[in-house]
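S.K.: Structure incoming, see below.
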Amino acid sequence: METSHVISDLILGLTGLFVFFRYLLKLPLMETVLWEAFVLSVAVAAFAGAARFAGIDNAGLVSNFFQNMAATVGALGLAVVSWFKVWENDTLDSTIGWSVLGVGFIIFALLQVGIMPDLISHIPVVSMILVAIAAIYGITKGQTKLGIWLLAAVLFAALATFRNEFVTDLDNSIDAYHYLLAISLICFGMAAARPSV
């Protein structure tokens, strides 16, 4: 049993649930679905990861499945809903939302069967860049708090993704990933709670 990883994964999972119930559940359905495609996928992956670090080997398969879902469906959902928050002033069109989810699930399915894994691996980075651009656009439109929360979320997600550049110990790197991503989820939740106008 790897206690520190169990704890950090549990904290990440609980943070995801907190963000969902505190910030996302109150939003219109389509917005909630797009935010939660990332947030809840991360939370489930974290709980399964905690089980794997606790010694339940099969839980690793569940964790990887939901990590891939967060990196595809969730990443696309984040990019679209972030732009919606800074661009629109009414309810997100459900056709757009379901289309984004459909494309995300097709990409996710391609990843699961091993088609274009290298191309697909770039989706989270492209998504972070698109969210950062949306944040800057929001700030220029006067939506300063929304933009700052989105930028903070991207910053912590990027730090989590590239933590091996500044955390050399493998064990500490895993825990750093979990804690940095948990902070990113809170920032995304705060951004989601901001009004769209």
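Quick note on naming: the chains in the structure tokens go A, B, ... in the order shown, residues restart at 1 in each chain, and ligands are numbered from 1 in order of appearance.
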Write out as number ranges by chain the residues lying within 9 Å of Leu185 of chain A, counting only C-alpha atoms and excluding same-chain residues fewer than 6 positions away.
M.R.: A: 12, 15-16, 19, 39, 42, 153, 156-157
S.K.: For Ala59 of chain A, find every residue with an atom within 9 Å (counting only C-alpha atoms), except residues of its own chain fewer than 3 positions away, and show them as a PyMOL selection string.
M.R.: chain A and resi 47-53+55-56+62-64
S.K.: Just write the chosen residues, all heavy atoms, as a CSV table (one decimal), in the first residue's frame.
M.R.:
```
chain,number,residue,atom,x,y,z
A,47,PHE,N,-10.5,8.2,-7.5
A,47,PHE,CA,-11.0,7.2,-6.5
A,47,PHE,C,-10.5,5.8,-6.9
A,47,PHE,O,-10.0,5.0,-6.1
A,47,PHE,CB,-12.5,7.2,-6.4
A,47,PHE,CG,-13.0,8.3,-5.7
A,47,PHE,CD1,-14.0,9.1,-6.2
A,47,PHE,CD2,-12.5,8.7,-4.4
A,47,PHE,CE1,-14.5,10.2,-5.5
A,47,PHE,CE2,-13.0,9.8,-3.7
A,47,PHE,CZ,-14.0,10.6,-4.3
A,48,ALA,N,-10.5,5.5,-8.2
A,48,ALA,CA,-10.0,4.2,-8.7
A,48,ALA,C,-8.5,4.1,-8.5
A,48,ALA,O,-7.9,3.1,-8.1
A,48,ALA,CB,-10.4,3.9,-10.2
A,49,GLY,N,-7.8,5.2,-8.7
A,49,GLY,CA,-6.4,5.3,-8.5
A,49,GLY,C,-6.0,5.1,-7.1
A,49,GLY,O,-5.0,4.4,-6.7
A,50,ALA,N,-6.8,5.6,-6.2
A,50,ALA,CA,-6.6,5.4,-4.7
A,50,ALA,C,-6.7,3.9,-4.4
A,50,ALA,O,-5.9,3.4,-3.6
A,50,ALA,CB,-7.5,6.2,-3.9
A,51,ALA,N,-7.7,3.3,-5.0
A,51,ALA,CA,-7.9,1.8,-4.8
A,51,ALA,C,-6.7,1.0,-5.3
A,51,ALA,O,-6.3,0.1,-4.6
A,51,ALA,CB,-9.2,1.4,-5.4
A,52,ARG,N,-6.2,1.5,-6.4
A,52,ARG,CA,-5.0,0.8,-7.0
A,52,ARG,C,-3.8,0.9,-6.1
A,52,ARG,O,-3.1,0.0,-5.8
A,52,ARG,CB,-4.7,1.3,-8.4
A,52,ARG,CG,-3.5,0.7,-9.0
A,52,ARG,CD,-3.3,1.1,-10.5
A,52,ARG,NE,-3.2,2.5,-10.6
A,52,ARG,CZ,-2.0,3.2,-10.6
A,52,ARG,NH1,-0.9,2.5,-10.4
A,52,ARG,NH2,-1.9,4.5,-10.7
A,53,PHE,N,-3.6,2.2,-5.6
A,53,PHE,CA,-2.5,2.4,-4.7
A,53,PHE,C,-2.7,1.7,-3.4
A,53,PHE,O,-1.7,1.4,-2.7
A,53,PHE,CB,-2.2,3.9,-4.5
A,53,PHE,CG,-1.6,4.6,-5.7
A,53,PHE,CD1,-2.3,5.7,-6.3
A,53,PHE,CD2,-0.4,4.2,-6.2
A,53,PHE,CE1,-1.7,6.3,-7.4
A,53,PHE,CE2,0.1,4.8,-7.3
A,53,PHE,CZ,-0.5,5.9,-7.9
A,55,GLY,N,-3.7,-1.3,-3.3
A,55,GLY,CA,-3.4,-2.7,-3.5
A,55,GLY,C,-4.5,-3.5,-4.3
A,55,GLY,O,-4.3,-4.7,-4.6
A,56,ILE,N,-5.5,-2.8,-4.8
A,56,ILE,CA,-6.5,-3.4,-5.7
A,56,ILE,C,-6.1,-3.2,-7.1
A,56,ILE,O,-6.4,-2.2,-7.7
A,56,ILE,CB,-7.9,-2.8,-5.4
A,56,ILE,CG1,-8.3,-3.0,-3.9
A,56,ILE,CG2,-9.0,-3.5,-6.3
A,56,ILE,CD1,-9.5,-2.3,-3.5
A,62,VAL,N,-9.8,0.8,-14.3
A,62,VAL,CA,-10.8,1.8,-14.2
A,62,VAL,C,-10.3,3.2,-14.2
A,62,VAL,O,-10.7,4.1,-14.9
A,62,VAL,CB,-11.7,1.5,-13.0
A,62,VAL,CG1,-12.7,2.6,-12.8
A,62,VAL,CG2,-12.3,0.2,-13.0
A,63,SER,N,-9.2,3.4,-13.5
A,63,SER,CA,-8.5,4.7,-13.4
A,63,SER,C,-8.0,5.1,-14.8
A,63,SER,O,-8.3,6.2,-15.2
A,63,SER,CB,-7.3,4.6,-12.4
A,63,SER,OG,-6.7,5.9,-12.3
A,64,ASN,N,-7.4,4.2,-15.5
A,64,ASN,CA,-6.9,4.6,-16.8
A,64,ASN,C,-8.0,4.9,-17.8
A,64,ASN,O,-7.9,5.8,-18.6
A,64,ASN,CB,-6.0,3.4,-17.4
A,64,ASN,CG,-4.7,3.3,-16.7
A,64,ASN,OD1,-4.2,4.2,-16.2
A,64,ASN,ND2,-4.1,2.1,-16.8
```
S.K.: Between A:Ala46, A:Leu27, A:Ala79, A:Leu159, which one has atoms that come closest to Ser8 of chain A, using only C-alpha atoms?
M.R.: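 For Ser8 of chain A, the nearest of the given residues is A:Ala46.
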S.K.: Give me the residues of segment 32-74 of chain A that have any atom at most 10 Å from an atom of segment 126-141 of chain A; for each, the nearest atom pair and the distance in Å, rounded to one decimal. Use only C-alpha atoms, sort by chain and number, and format it as CSV.
M.R.:
```
residue,atom,partner,partner_atom,distance
A:Ala71,CA,A:Ser127,CA,9.1
A:Thr72,CA,A:Ser127,CA,9.3
A:Gly74,CA,A:Ser127,CA,9.4
```
S.K.: Suppose we keep N, CA, C and O atoms; can you now write the selection as a tab-separated table (two decimals), in the first residue's frame?
M.R.:
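Output (again-v9.tsv):
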```tsv
chain	number	residue	atom	x	y	z
A	71	ALA	N	-9.16	13.15	-20.60
A	71	ALA	CA	-8.22	13.73	-21.56
A	71	ALA	C	-8.82	13.93	-22.94
A	71	ALA	O	-8.24	14.65	-23.76
A	72	THR	N	-9.96	13.32	-23.21
A	72	THR	CA	-10.59	13.46	-24.53
A	72	THR	C	-11.92	14.19	-24.41
A	72	THR	O	-12.01	15.38	-24.68
A	74	GLY	N	-13.58	15.09	-21.74
A	74	GLY	CA	-13.51	16.16	-20.76
A	74	GLY	C	-12.75	17.37	-21.25
A	74	GLY	O	-13.17	18.51	-21.05
```
S.K.: Find, counting only C-alpha atoms, the residue in A:Glu36, A:Glu165, A:Glu2, A:Glu31 that gets nearest to Ala70 of chain A.
M.R.: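 Nearest candidate to Ala70 of chain A out of A:Glu36, A:Glu165, A:Glu2, A:Glu31: A:Glu36.
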S.K.: Nearest to Leu150 of chain A: which of A:Leu110, A:Val73, A:Cys187, A:Ala54 is it, counting only C-alpha atoms?
M.R.: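 Nearest to Leu150 of chain A: A:Cys187.
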S.K.: Would you list the contacts of Gly102 of chain A as an mmCIF file with C-alpha atoms, in the first residue's frame, taking every protein, DNA or RNA residue within 12 Å and counting only C-alpha atoms, but skipping same-chain residues closer than 2 positions in sequence?
M.R.:
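Now in selection12.cif:
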```cif
data_model
loop_
_atom_site.group_PDB
_atom_site.id
_atom_site.type_symbol
_atom_site.label_atom_id
_atom_site.label_comp_id
_atom_site.auth_asym_id
_atom_site.auth_seq_id
_atom_site.Cartn_x
_atom_site.Cartn_y
_atom_site.Cartn_z
ATOM 1 C CA LEU A 34 -19.690 19.780 -20.325
ATOM 2 C CA ALA A 37 -17.248 15.489 -18.407
ATOM 3 C CA THR A 72 -10.589 13.457 -24.533
ATOM 4 C CA VAL A 73 -14.276 14.065 -23.823
ATOM 5 C CA GLY A 74 -13.511 16.159 -20.758
ATOM 6 C CA LEU A 76 -13.059 19.095 -25.383
ATOM 7 C CA GLY A 77 -15.934 19.899 -23.041
ATOM 8 C CA SER A 94 -27.816 21.745 -26.566
ATOM 9 C CA THR A 95 -27.048 20.805 -30.184
ATOM 10 C CA ILE A 96 -23.561 22.262 -29.794
ATOM 11 C CA GLY A 97 -23.086 20.588 -26.434
ATOM 12 C CA TRP A 98 -24.182 17.135 -27.544
ATOM 13 C CA SER A 99 -22.132 17.461 -30.757
ATOM 14 C CA VAL A 100 -19.009 18.244 -28.725
ATOM 15 C CA GLY A 104 -15.257 13.576 -27.739
ATOM 16 C CA PHE A 105 -16.621 10.051 -27.377
ATOM 17 C CA ILE A 106 -15.557 9.169 -30.944
ATOM 18 C CA ILE A 107 -12.014 10.353 -30.159
ATOM 19 C CA PHE A 108 -12.150 8.476 -26.852
ATOM 20 C CA ALA A 109 -13.230 5.292 -28.673
#
```
S.K.: Smallest atom-to-atom distance to Ile11 of chain A: which of A:Ala43, A:Val33, A:Val103, A:Leu78, using only C-alpha atoms?
M.R.: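 Ranking A:Ala43, A:Val33, A:Val103, A:Leu78 by distance to Ile11 of chain A, first place goes to A:Ala43.
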S.K.: Can you tell me, as an MDAnalysis selection string, which residues in segment 74-123 of chain A count as helix (DSSP H, G or I) by DSSP?
M.R.: chainID A and resid 74:87 94:112 117:120 123
S.K.: For the residues in that selection, give me C-alpha atoms as an mmCIF file, in the first residue's frame.
M.R.:
```
data_model
loop_
_atom_site.group_PDB
_atom_site.id
_atom_site.type_symbol
_atom_site.label_atom_id
_atom_site.label_comp_id
_atom_site.auth_asym_id
_atom_site.auth_seq_id
_atom_site.Cartn_x
_atom_site.Cartn_y
_atom_site.Cartn_z
ATOM 1 C CA GLY A 74 -13.511 16.159 -20.758
ATOM 2 C CA ALA A 75 -10.818 18.258 -22.416
ATOM 3 C CA LEU A 76 -13.059 19.095 -25.383
ATOM 4 C CA GLY A 77 -15.934 19.899 -23.041
ATOM 5 C CA LEU A 78 -13.726 22.263 -21.022
ATOM 6 C CA ALA A 79 -12.573 24.149 -24.108
ATOM 7 C CA VAL A 80 -16.103 24.627 -25.451
ATOM 8 C CA VAL A 81 -17.772 25.541 -22.158
ATOM 9 C CA SER A 82 -14.974 27.981 -21.288
ATOM 10 C CA TRP A 83 -15.490 29.806 -24.582
ATOM 11 C CA PHE A 84 -19.225 29.766 -23.966
ATOM 12 C CA LYS A 85 -18.715 31.422 -20.584
ATOM 13 C CA VAL A 86 -16.809 34.356 -22.070
ATOM 14 C CA TRP A 87 -18.642 34.609 -25.399
ATOM 15 C CA SER A 94 -27.816 21.745 -26.566
ATOM 16 C CA THR A 95 -27.048 20.805 -30.184
ATOM 17 C CA ILE A 96 -23.561 22.262 -29.794
ATOM 18 C CA GLY A 97 -23.086 20.588 -26.434
ATOM 19 C CA TRP A 98 -24.182 17.135 -27.544
ATOM 20 C CA SER A 99 -22.132 17.461 -30.757
ATOM 21 C CA VAL A 100 -19.009 18.244 -28.725
ATOM 22 C CA LEU A 101 -19.672 15.265 -26.475
ATOM 23 C CA GLY A 102 -20.269 13.053 -29.508
ATOM 24 C CA VAL A 103 -16.974 14.065 -31.099
ATOM 25 C CA GLY A 104 -15.257 13.576 -27.739
ATOM 26 C CA PHE A 105 -16.621 10.051 -27.377
ATOM 27 C CA ILE A 106 -15.557 9.169 -30.944
ATOM 28 C CA ILE A 107 -12.014 10.353 -30.159
ATOM 29 C CA PHE A 108 -12.150 8.476 -26.852
ATOM 30 C CA ALA A 109 -13.230 5.292 -28.673
ATOM 31 C CA LEU A 110 -10.380 5.692 -31.181
ATOM 32 C CA LEU A 111 -7.948 6.007 -28.273
ATOM 33 C CA GLN A 112 -9.352 2.894 -26.606
ATOM 34 C CA PRO A 117 -2.763 7.605 -29.918
ATOM 35 C CA ASP A 118 -0.021 10.155 -30.627
ATOM 36 C CA LEU A 119 -2.433 12.664 -32.140
ATOM 37 C CA ILE A 120 -4.995 12.127 -29.424
ATOM 38 C CA ILE A 123 -5.830 17.073 -27.045
#
```
S.K.: Pick out the closest residue to Lys145 of chain A from this set: A:Ala193, A:Met30, A:Leu14, A:Val44. Count only C-alpha atoms.
M.R.: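 Result for the nearest residue to Lys145 of chain A: A:Ala193.
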S.K.: Compile the contact shell of Tyr177 of chain A as a VMD selection string: residues with an atom at most 8 Å away, counting only C-alpha atoms, same-chain residues fewer than 3 positions apart removed.
M.R.: chain A and resid 159 to 161 163 173 to 174 180 to 181
S.K.: Can you measure atom CA of Trp35 of chain A to atom CA of Tyr179 of chain A for me? One decimal in Å is fine.
M.R.: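 Interatomic distance here is 19.4 Å.
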